[in-house]
Structures are given as C-alpha cells and as structure tokens.
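Encoded as structure tokens, the structure appears first; notes follow it.
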Amino acid sequence: MTEYPDHQGGPTRALLEQMIACASVTPEDAGCSQLISNALTPLGFSCEHFDAGGVHNTWLRIGNRAPLFVFAGHTDVVPPGPLERWTSPPFEPTERDGLLYGRGAADMKSGLCAMVTATRRFLEREKLDGSIAFLLTSDEEGPARHGTRHVMQQLLARDVRPDFAVVGEASSVEALGDRIMIGRRGSLNLRLRVDGRQGHVAYPHRVDNPIHRISRAMAELANEHWDDGDDDFPPTTFQVSNLNAGTGATNVVPGSAEALCNFRHSPVTSATTLMARSERIIAKHCPDYIAEWSVSGDPFVTQRGSLTRAASEAIRSVTGLIPEFSTGGGTSDARFITPAGTQVIEIGPINASIHQIDEHVRVADLDPLARIYEDVLRRLIAG
Ligand SMILES: [Zn+2]
C-alpha cells in the first residue's frame, strides 16, 4: 500500500486507491468490505456477515455499551458506462490536477475510507465511551432489498438499536462540508394505463383516443399544487418520465396509452393522499384506466439534536464552514436506519461527478473528511 502525507490524502487515500481498484458494480462487493475488515479487526472490531439474496453485508463492531454510533455505507458502484469515454480506466485510481479519478471515488468509497481513518485515529487518541459499528452493504445502487434494510431487520431482531448513524454519501455541493443531509423526500411511482377505442383517424366518431385522455390527465397532474412543503422540505413535485402509445402508423388511433410518473414528496402529503388526489384527477379525464402504485421510499427527517449539532460543530472546526441542512436529492439507505429511532445524517465529499464519466474526488478533501468524522466521534462517544 502506497503511503501518502496527509495533505495528499494520507491513509484515507491509500485505502481508497485499493477500493477503487475493486470493480464492485452492484451487487458485487469485489473484496471492498474485506479491505475495511482487514483495517478494523486489528483495532478490536468483531466482524459478522448478514448476506442475503446474493448481497454481501458486513457488520463490524467495537464496544458493548451505549451509545452505539454507526458508520454506514455501500461498497457497490454504478456501472462505468462506455469505457472509451473515460480519460483513465474507471477501476484504476488515477490522479490528475489534484483530483483522484475512478468509479466510486466520490460515491462513496472515499466516505468509507475516511471513516476507517477517523475510527483508527479516534481509538488511538481517545477513550471509547460507547460502541462504534460499521454497516456495509453492496446493494445500495440497485434494488436495495437485501442490503441495509435486511441488516437493520436482523439487528432489530436482536434489539440492537443504533443511537447515531452517519452515512458517507457525497453530500457536499461546492466545498467539503457545505451541506449535510438530514432527511430525504419520499418517492412514489405511478404506472398508468388508459384504455380507449382503436380506429381510423379519419373517423373520429368511431374512436376514443386514449392519448388525448392521458395527455389531459398528465397536464392537470403536472400543474397541480400539491403542498407548500415545510421548514425541512421543499414542495412536493410530480414528473412524467415515460409516455408510450401508438402503432407507428400515421392513420391509426391506438387502443391504449401508458405513462410512468414519479412524485417526490415531503411528509406534509402522504403517499396515500397523493394516490387518492391523483386518481380523482385521472378519473375526470379517463373513464377506463388502471393505476399501479409503488412506494420506493418514504420521506424521513432526523430531529435536530446531539448528532446534527456535533456534525455542524465538527465541520465548522475542520473547514470553517457552517453546513446547510438539506433534504434534497434522491433516496439513500438512511431511510432504512431512521425507523429504528436512530438519529441519521449524511456527510461526504462533493457530489458533482457522482454516477458520471470521470467520477472523481478532491485529494485535498480526503484528510479533512476523516477529521470531520473523527471530530463527530469525539463529540458524541469520547470518555
Ligand atoms: Zn451512494
């Protein structure tokens, strides 16, 4: 393992380079969690696996007492996309102009590696008054059925309830620590099929055009004012992502039309309410429809308390910034941890390049990120 001085990323960078070299495309872990276990078990962590459905999950813990502080994250990454568009190969960590490139560099292998550095330094310097655990999964970027959700079910069955959790997702926008996530909006999907009557375009009295009907319904849903949001959440939004109909011929009105839609909503309007209000609108325009609903995440928010305060102070002491608290962005595994009554936040590097070609992390942010995590530990579980 190469050694780096702290201003070039220190031990976090050295571990991160090894992690990026593991091609852990969902649901593969590709040896990543083993690298983290190898770093933590010599410090006294016990290691357990909660594998399910082909997904590799790891639970590492030191200490038996409360409070239980959990570092949580995923080792899997999204597919690299067309290799020829990458400036350097996605699974060969490469530094250019102060940036370390590779798939997973920002989302979220740098977060995991900084957590390892933070934990080692904390245990070297402080007396542990509580417990530290790592919850690692390789099923976050995919269906997320057998990952964090499964591990939390197993832990709750043993009555293990984390008090605090920090997820290492890339939460920062322009500078490390400028934003932390304290919750996420809910995500609700609709697959809508509208049936009409097929026929020749020249004989409109013999057809019932489902495209016209579904368009009117979509337009009204898109213009609807759902709510005003609240202190933590922006107003609920609706988007159509797919609209399919037609036979390919110019002279045929099709018999049905289908749309895929998504709501991102605050707790102000529940999924049940959104479904009922939407169906009232749809039924006005479409007498014959089938609506299939699926919830891909309920909205959640962490109460402001000891964890948000510790995170804010840690970020200020390391970077000088006061972080914004946000609930924006997509869903994250934090949604599976909050139901245990755990305070959960997300702190990680700048997210501008996540899921993109040439994903990268700023080398100069790696050691400060580890110092932020270490400072959070010190404020919550130092003896
Ligand atoms: Zn992620």
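In the structure tokens, chains take letters A, B, ... by order of appearance, with residues numbered from 1 within each chain and ligands from 1 in the order shown.
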Worksheet item: Using only C-alpha atoms and all ligand atoms, what are the residues with an atom within 7 Å of ligand 1, set out as a list in words?
Response: His74, Asp107, Met108, Glu140, Glu141, Glu169 and Ala170 of chain A
Worksheet item: Within 10 Å of Pro368 in chain A, counting only C-alpha atoms, which residues qualify if same-chain residues fewer than 6 places away don't, as an MDAnalysis selection string?
Response: chainID A and resid 6:7 9 114 118 176:177 315 318:319 349 374
Return as JSON lines the residues of range 30-110 of chain A lying at most 7 Å from range 147-160 of chain A, together with the closest atom-to-atom pair for each and the distance in Å to one decimal, counting only C-alpha atoms, with rows in chain order and ascending residue number.
{"residue": "A:Phe50", "atom": "CA", "partner": "A:Val151", "partner_atom": "CA", "distance": 6.2}
{"residue": "A:Val55", "atom": "CA", "partner": "A:Gly147", "partner_atom": "CA", "distance": 6.6}
{"residue": "A:Asn57", "atom": "CA", "partner": "A:Gly147", "partner_atom": "CA", "distance": 6.4}
Worksheet entry | Separation of CA of Pro143 in chain A from CA of Ile20 in chain A in Å |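 CA of Pro143 in chain A lies 22.0 Å from CA of Ile20 in chain A.
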Worksheet entry | Given only C-alpha atoms as the counted atoms, nearest of A:Met275, A:Thr12, A:Pro254, A:Asn223 to Arg120 in chain A |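 The shortest atom-to-atom distance to Arg120 in chain A comes from A:Thr12.
Among A:Leu380, A:Val295, A:Leu260, A:Ala23, the residue with the shortest atom-to-atom distance to Glu313 in chain A, counting only C-alpha atoms, is A:Leu380.
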Worksheet item: Could you pull out the alpha helix (DSSP H) residues of range 171-279 of chain A from DSSP and send them as a ChimeraX atom specification?
Response: /A:210-223,271-279
Written selection (N, CA, C and O atoms) as a PDB file, in the first residue's frame:
ATOM      1  N   PRO A 210     -57.089   7.410 -26.465  1.00  0.00           N
ATOM      2  CA  PRO A 210     -56.504   7.374 -25.120  1.00  0.00           C
ATOM      3  C   PRO A 210     -55.333   8.350 -24.973  1.00  0.00           C
ATOM      4  O   PRO A 210     -55.006   8.745 -23.851  1.00  0.00           O
ATOM      5  N   ILE A 211     -54.708   8.728 -26.095  1.00  0.00           N
ATOM      6  CA  ILE A 211     -53.597   9.698 -25.994  1.00  0.00           C
ATOM      7  C   ILE A 211     -54.150  11.060 -25.575  1.00  0.00           C
ATOM      8  O   ILE A 211     -53.564  11.752 -24.735  1.00  0.00           O
ATOM      9  N   HIS A 212     -55.264  11.434 -26.157  1.00  0.00           N
ATOM     10  CA  HIS A 212     -55.875  12.703 -25.755  1.00  0.00           C
ATOM     11  C   HIS A 212     -56.263  12.672 -24.279  1.00  0.00           C
ATOM     12  O   HIS A 212     -56.038  13.620 -23.540  1.00  0.00           O
ATOM     13  N   ARG A 213     -56.816  11.561 -23.863  1.00  0.00           N
ATOM     14  CA  ARG A 213     -57.270  11.457 -22.470  1.00  0.00           C
ATOM     15  C   ARG A 213     -56.090  11.488 -21.497  1.00  0.00           C
ATOM     16  O   ARG A 213     -56.101  12.225 -20.513  1.00  0.00           O
ATOM     17  N   ILE A 214     -55.059  10.671 -21.785  1.00  0.00           N
ATOM     18  CA  ILE A 214     -53.939  10.612 -20.832  1.00  0.00           C
ATOM     19  C   ILE A 214     -53.191  11.950 -20.816  1.00  0.00           C
ATOM     20  O   ILE A 214     -52.681  12.379 -19.782  1.00  0.00           O
ATOM     21  N   SER A 215     -53.156  12.648 -21.963  1.00  0.00           N
ATOM     22  CA  SER A 215     -52.462  13.938 -22.011  1.00  0.00           C
ATOM     23  C   SER A 215     -53.145  14.954 -21.112  1.00  0.00           C
ATOM     24  O   SER A 215     -52.484  15.728 -20.418  1.00  0.00           O
ATOM     25  N   ARG A 216     -54.484  14.951 -21.145  1.00  0.00           N
ATOM     26  CA  ARG A 216     -55.206  15.904 -20.285  1.00  0.00           C
ATOM     27  C   ARG A 216     -54.965  15.583 -18.807  1.00  0.00           C
ATOM     28  O   ARG A 216     -54.757  16.471 -17.990  1.00  0.00           O
ATOM     29  N   ALA A 217     -54.947  14.291 -18.490  1.00  0.00           N
ATOM     30  CA  ALA A 217     -54.693  13.902 -17.091  1.00  0.00           C
ATOM     31  C   ALA A 217     -53.274  14.305 -16.674  1.00  0.00           C
ATOM     32  O   ALA A 217     -53.064  14.865 -15.588  1.00  0.00           O
ATOM     33  N   MET A 218     -52.286  14.031 -17.560  1.00  0.00           N
ATOM     34  CA  MET A 218     -50.890  14.364 -17.235  1.00  0.00           C
ATOM     35  C   MET A 218     -50.728  15.867 -17.054  1.00  0.00           C
ATOM     36  O   MET A 218     -50.024  16.337 -16.160  1.00  0.00           O
ATOM     37  N   ALA A 219     -51.384  16.644 -17.930  1.00  0.00           N
ATOM     38  CA  ALA A 219     -51.253  18.101 -17.850  1.00  0.00           C
ATOM     39  C   ALA A 219     -51.811  18.609 -16.513  1.00  0.00           C
ATOM     40  O   ALA A 219     -51.197  19.450 -15.859  1.00  0.00           O
ATOM     41  N   GLU A 220     -52.954  18.050 -16.099  1.00  0.00           N
ATOM     42  CA  GLU A 220     -53.525  18.532 -14.835  1.00  0.00           C
ATOM     43  C   GLU A 220     -52.674  18.096 -13.637  1.00  0.00           C
ATOM     44  O   GLU A 220     -52.454  18.862 -12.703  1.00  0.00           O
ATOM     45  N   LEU A 221     -52.140  16.869 -13.693  1.00  0.00           N
ATOM     46  CA  LEU A 221     -51.266  16.418 -12.596  1.00  0.00           C
ATOM     47  C   LEU A 221     -50.005  17.282 -12.519  1.00  0.00           C
ATOM     48  O   LEU A 221     -49.524  17.628 -11.437  1.00  0.00           O
ATOM     49  N   ALA A 222     -49.471  17.635 -13.687  1.00  0.00           N
ATOM     50  CA  ALA A 222     -48.232  18.422 -13.715  1.00  0.00           C
ATOM     51  C   ALA A 222     -48.458  19.840 -13.207  1.00  0.00           C
ATOM     52  O   ALA A 222     -47.536  20.475 -12.688  1.00  0.00           O
ATOM     53  N   ASN A 223     -49.684  20.356 -13.360  1.00  0.00           N
ATOM     54  CA  ASN A 223     -49.973  21.726 -12.922  1.00  0.00           C
ATOM     55  C   ASN A 223     -50.521  21.806 -11.506  1.00  0.00           C
ATOM     56  O   ASN A 223     -50.673  22.881 -10.957  1.00  0.00           O
ATOM     57  N   ALA A 271     -48.098   9.454   0.872  1.00  0.00           N
ATOM     58  CA  ALA A 271     -48.259   8.707  -0.380  1.00  0.00           C
ATOM     59  C   ALA A 271     -49.733   8.366  -0.600  1.00  0.00           C
ATOM     60  O   ALA A 271     -50.250   8.479  -1.713  1.00  0.00           O
ATOM     61  N   THR A 272     -50.435   7.972   0.464  1.00  0.00           N
ATOM     62  CA  THR A 272     -51.857   7.611   0.345  1.00  0.00           C
ATOM     63  C   THR A 272     -52.680   8.795  -0.166  1.00  0.00           C
ATOM     64  O   THR A 272     -53.545   8.640  -1.038  1.00  0.00           O
ATOM     65  N   THR A 273     -52.411   9.969   0.370  1.00  0.00           N
ATOM     66  CA  THR A 273     -53.132  11.161  -0.069  1.00  0.00           C
ATOM     67  C   THR A 273     -52.819  11.483  -1.528  1.00  0.00           C
ATOM     68  O   THR A 273     -53.714  11.822  -2.313  1.00  0.00           O
ATOM     69  N   LEU A 274     -51.545  11.349  -1.904  1.00  0.00           N
ATOM     70  CA  LEU A 274     -51.171  11.631  -3.299  1.00  0.00           C
ATOM     71  C   LEU A 274     -51.895  10.679  -4.256  1.00  0.00           C
ATOM     72  O   LEU A 274     -52.359  11.079  -5.322  1.00  0.00           O
ATOM     73  N   MET A 275     -51.991   9.420  -3.859  1.00  0.00           N
ATOM     74  CA  MET A 275     -52.668   8.433  -4.713  1.00  0.00           C
ATOM     75  C   MET A 275     -54.133   8.822  -4.892  1.00  0.00           C
ATOM     76  O   MET A 275     -54.654   8.822  -6.013  1.00  0.00           O
ATOM     77  N   ALA A 276     -54.803   9.139  -3.786  1.00  0.00           N
ATOM     78  CA  ALA A 276     -56.236   9.449  -3.855  1.00  0.00           C
ATOM     79  C   ALA A 276     -56.470  10.713  -4.684  1.00  0.00           C
ATOM     80  O   ALA A 276     -57.349  10.744  -5.559  1.00  0.00           O
ATOM     81  N   ARG A 277     -55.678  11.759  -4.441  1.00  0.00           N
ATOM     82  CA  ARG A 277     -55.875  13.004  -5.192  1.00  0.00           C
ATOM     83  C   ARG A 277     -55.595  12.790  -6.675  1.00  0.00           C
ATOM     84  O   ARG A 277     -56.288  13.310  -7.541  1.00  0.00           O
ATOM     85  N   SER A 278     -54.547  12.011  -6.981  1.00  0.00           N
ATOM     86  CA  SER A 278     -54.191  11.773  -8.388  1.00  0.00           C
ATOM     87  C   SER A 278     -55.304  11.013  -9.094  1.00  0.00           C
ATOM     88  O   SER A 278     -55.673  11.338 -10.222  1.00  0.00           O
ATOM     89  N   GLU A 279     -55.825   9.997  -8.429  1.00  0.00           N
ATOM     90  CA  GLU A 279     -56.839   9.176  -9.104  1.00  0.00           C
ATOM     91  C   GLU A 279     -58.121   9.965  -9.347  1.00  0.00           C
ATOM     92  O   GLU A 279     -58.823   9.720 -10.333  1.00  0.00           O
TER      93      GLU A 279
END
Worksheet item: Using only C-alpha atoms, which residues sit within 7 Å of range 234-240 of chain A once same-chain residues fewer than 5 positions away are excluded, as a PyMOL selection string?
Response: chain A and resi 222+226-229+260-266
Any chance you could export the current selection's all heavy atoms as a CSV table (one decimal), in the first residue's frame?
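Output contents, as saved in out04.csv:
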chain,number,residue,atom,x,y,z
A,222,ALA,N,-49.5,17.6,-13.7
A,222,ALA,CA,-48.2,18.4,-13.7
A,222,ALA,C,-48.5,19.8,-13.2
A,222,ALA,O,-47.5,20.5,-12.7
A,222,ALA,CB,-47.7,18.4,-15.1
A,226,TRP,N,-49.5,20.6,-5.0
A,226,TRP,CA,-49.7,19.5,-4.0
A,226,TRP,C,-49.6,20.0,-2.6
A,226,TRP,O,-50.4,19.6,-1.8
A,226,TRP,CB,-48.7,18.4,-4.3
A,226,TRP,CG,-48.9,17.8,-5.7
A,226,TRP,CD1,-48.1,18.2,-6.8
A,226,TRP,CD2,-49.9,16.9,-6.2
A,226,TRP,NE1,-48.6,17.5,-7.9
A,226,TRP,CE2,-49.7,16.8,-7.6
A,226,TRP,CE3,-50.9,16.3,-5.6
A,226,TRP,CZ2,-50.5,15.9,-8.4
A,226,TRP,CZ3,-51.7,15.4,-6.4
A,226,TRP,CH2,-51.5,15.3,-7.8
A,227,ASP,N,-48.6,20.8,-2.3
A,227,ASP,CA,-48.5,21.3,-0.9
A,227,ASP,C,-47.4,22.4,-1.0
A,227,ASP,O,-46.8,22.7,-2.1
A,227,ASP,CB,-48.1,20.2,0.1
A,227,ASP,CG,-46.8,19.5,-0.3
A,227,ASP,OD1,-45.8,20.1,-0.6
A,227,ASP,OD2,-46.8,18.2,-0.2
A,228,ASP,N,-47.1,23.0,0.2
A,228,ASP,CA,-46.1,24.1,0.2
A,228,ASP,C,-44.8,23.6,0.8
A,228,ASP,O,-43.9,24.4,1.1
A,228,ASP,CB,-46.7,25.3,1.1
A,228,ASP,CG,-47.8,26.0,0.4
A,228,ASP,OD1,-47.7,26.2,-0.8
A,228,ASP,OD2,-48.8,26.3,1.1
A,229,GLY,N,-44.7,22.3,1.1
A,229,GLY,CA,-43.5,21.9,1.8
A,229,GLY,C,-43.6,22.3,3.3
A,229,GLY,O,-44.6,22.8,3.8
A,260,LEU,N,-45.4,6.5,-17.2
A,260,LEU,CA,-44.7,6.3,-15.9
A,260,LEU,C,-44.5,7.7,-15.3
A,260,LEU,O,-44.0,8.6,-16.0
A,260,LEU,CB,-43.4,5.6,-16.1
A,260,LEU,CG,-43.4,4.2,-16.8
A,260,LEU,CD1,-42.0,3.6,-16.7
A,260,LEU,CD2,-44.4,3.3,-16.0
A,261,CYS,N,-44.8,7.8,-14.0
A,261,CYS,CA,-44.7,9.1,-13.4
A,261,CYS,C,-44.1,8.9,-12.0
A,261,CYS,O,-44.1,7.8,-11.4
A,261,CYS,CB,-46.1,9.7,-13.2
A,261,CYS,SG,-47.2,9.6,-14.6
A,262,ASN,N,-43.6,10.0,-11.4
A,262,ASN,CA,-43.0,9.9,-10.1
A,262,ASN,C,-43.3,11.2,-9.3
A,262,ASN,O,-43.2,12.3,-9.8
A,262,ASN,CB,-41.4,9.7,-10.2
A,262,ASN,CG,-40.7,9.7,-8.9
A,262,ASN,OD1,-40.3,10.7,-8.4
A,262,ASN,ND2,-40.7,8.5,-8.3
A,263,PHE,N,-43.6,10.9,-8.0
A,263,PHE,CA,-43.7,12.0,-7.1
A,263,PHE,C,-42.5,12.0,-6.2
A,263,PHE,O,-42.1,11.0,-5.7
A,263,PHE,CB,-44.9,11.8,-6.2
A,263,PHE,CG,-46.2,12.1,-6.8
A,263,PHE,CD1,-47.0,11.1,-7.4
A,263,PHE,CD2,-46.8,13.4,-6.9
A,263,PHE,CE1,-48.2,11.3,-8.0
A,263,PHE,CE2,-48.0,13.6,-7.5
A,263,PHE,CZ,-48.7,12.6,-8.1
A,264,ARG,N,-41.9,13.2,-5.9
A,264,ARG,CA,-41.0,13.4,-4.8
A,264,ARG,C,-41.7,14.2,-3.7
A,264,ARG,O,-42.1,15.4,-4.0
A,264,ARG,CB,-39.7,14.1,-5.2
A,264,ARG,CG,-38.9,13.2,-6.2
A,264,ARG,CD,-38.4,11.9,-5.4
A,264,ARG,NE,-38.1,10.8,-6.4
A,264,ARG,CZ,-36.9,10.3,-6.5
A,264,ARG,NH1,-35.9,10.8,-5.9
A,264,ARG,NH2,-36.8,9.3,-7.4
A,265,HIS,N,-42.0,13.7,-2.6
A,265,HIS,CA,-42.9,14.4,-1.7
A,265,HIS,C,-42.3,14.5,-0.3
A,265,HIS,O,-41.5,13.7,0.2
A,265,HIS,CB,-44.3,13.7,-1.7
A,265,HIS,CG,-44.3,12.3,-1.1
A,265,HIS,ND1,-44.7,12.0,0.2
A,265,HIS,CD2,-43.9,11.1,-1.6
A,265,HIS,CE1,-44.6,10.7,0.5
A,265,HIS,NE2,-44.1,10.2,-0.6
A,266,SER,N,-42.8,15.5,0.4
A,266,SER,CA,-42.5,15.8,1.8
A,266,SER,C,-43.4,15.0,2.7
A,266,SER,O,-44.4,14.5,2.2
A,266,SER,CB,-42.6,17.3,2.1
A,266,SER,OG,-44.0,17.6,2.0
Practice prompt. Would you work out the distance separating CA of Leu321 in chain A from CA of Lys127 in chain A, expressed in Å to one decimal?
Written response: 27.9 Å
Worksheet entry | Leu35 in chain A surroundings by only C-alpha atoms, 9 Å radius, close-in-sequence under 6 positions cut, as number ranges by chain | A: 15, 18-19
Discussion item. With distances taken over only C-alpha atoms, which residue among A:Pro204, A:Gly186, A:Gly168, A:Gly329 lies nearest Ser294 in chain A?
Written reply: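 Comparing A:Pro204, A:Gly186, A:Gly168, A:Gly329 against Ser294 in chain A, the winner is A:Gly186.
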Fill in: Coordinates-based distance that separates CA of Ser270 in chain A from CA of Thr342 in chain A (Å, one decimal)
21.6 Å
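With only C-alpha atoms as the atoms that count, the minimum distance from Asp375 in chain A to the choices A:Ala310, A:Ile345, A:Ile62, A:Val166 is reached by A:Ala310.
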Worksheet item: Out of A:Cys113, A:Leu188, A:Ser88, A:Thr58, which residue has the shortest atom-to-atom distance to Leu100 in chain A when counting only C-alpha atoms?
Response: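 Closest to Leu100 in chain A of all the choices is A:Ser88.
Candidate residues A:Ile347, A:Ala291, A:Ile36, A:Ala144 were compared for distance to Ile182 in chain A, and the nearest is A:Ile347, using only C-alpha atoms.
Omitting Ser46 in chain A and its sequence neighbours fewer than 5 positions away, and counting only C-alpha atoms, the residues within 12 Å are A:Ser37, A:Asn38, A:Ala39, A:Leu40, A:Thr41, A:Thr58, A:Trp59, A:Leu60, A:Arg61, A:Ile62, A:Gly63, A:Asn64, A:Ser131, A:Ile132, A:Ala133, A:Phe134.
Across range 19-93 of chain A, DSSP run on the backbone finds strand (DSSP E or B) at Val25, Ser46, Cys47, Glu48, His49, Ala52, Val55, Thr58, Trp59, Leu60, Arg61, Ile62, Leu68, Phe69, Val70, Phe71, Ala72, Gly73, His74 and Val77 of chain A.
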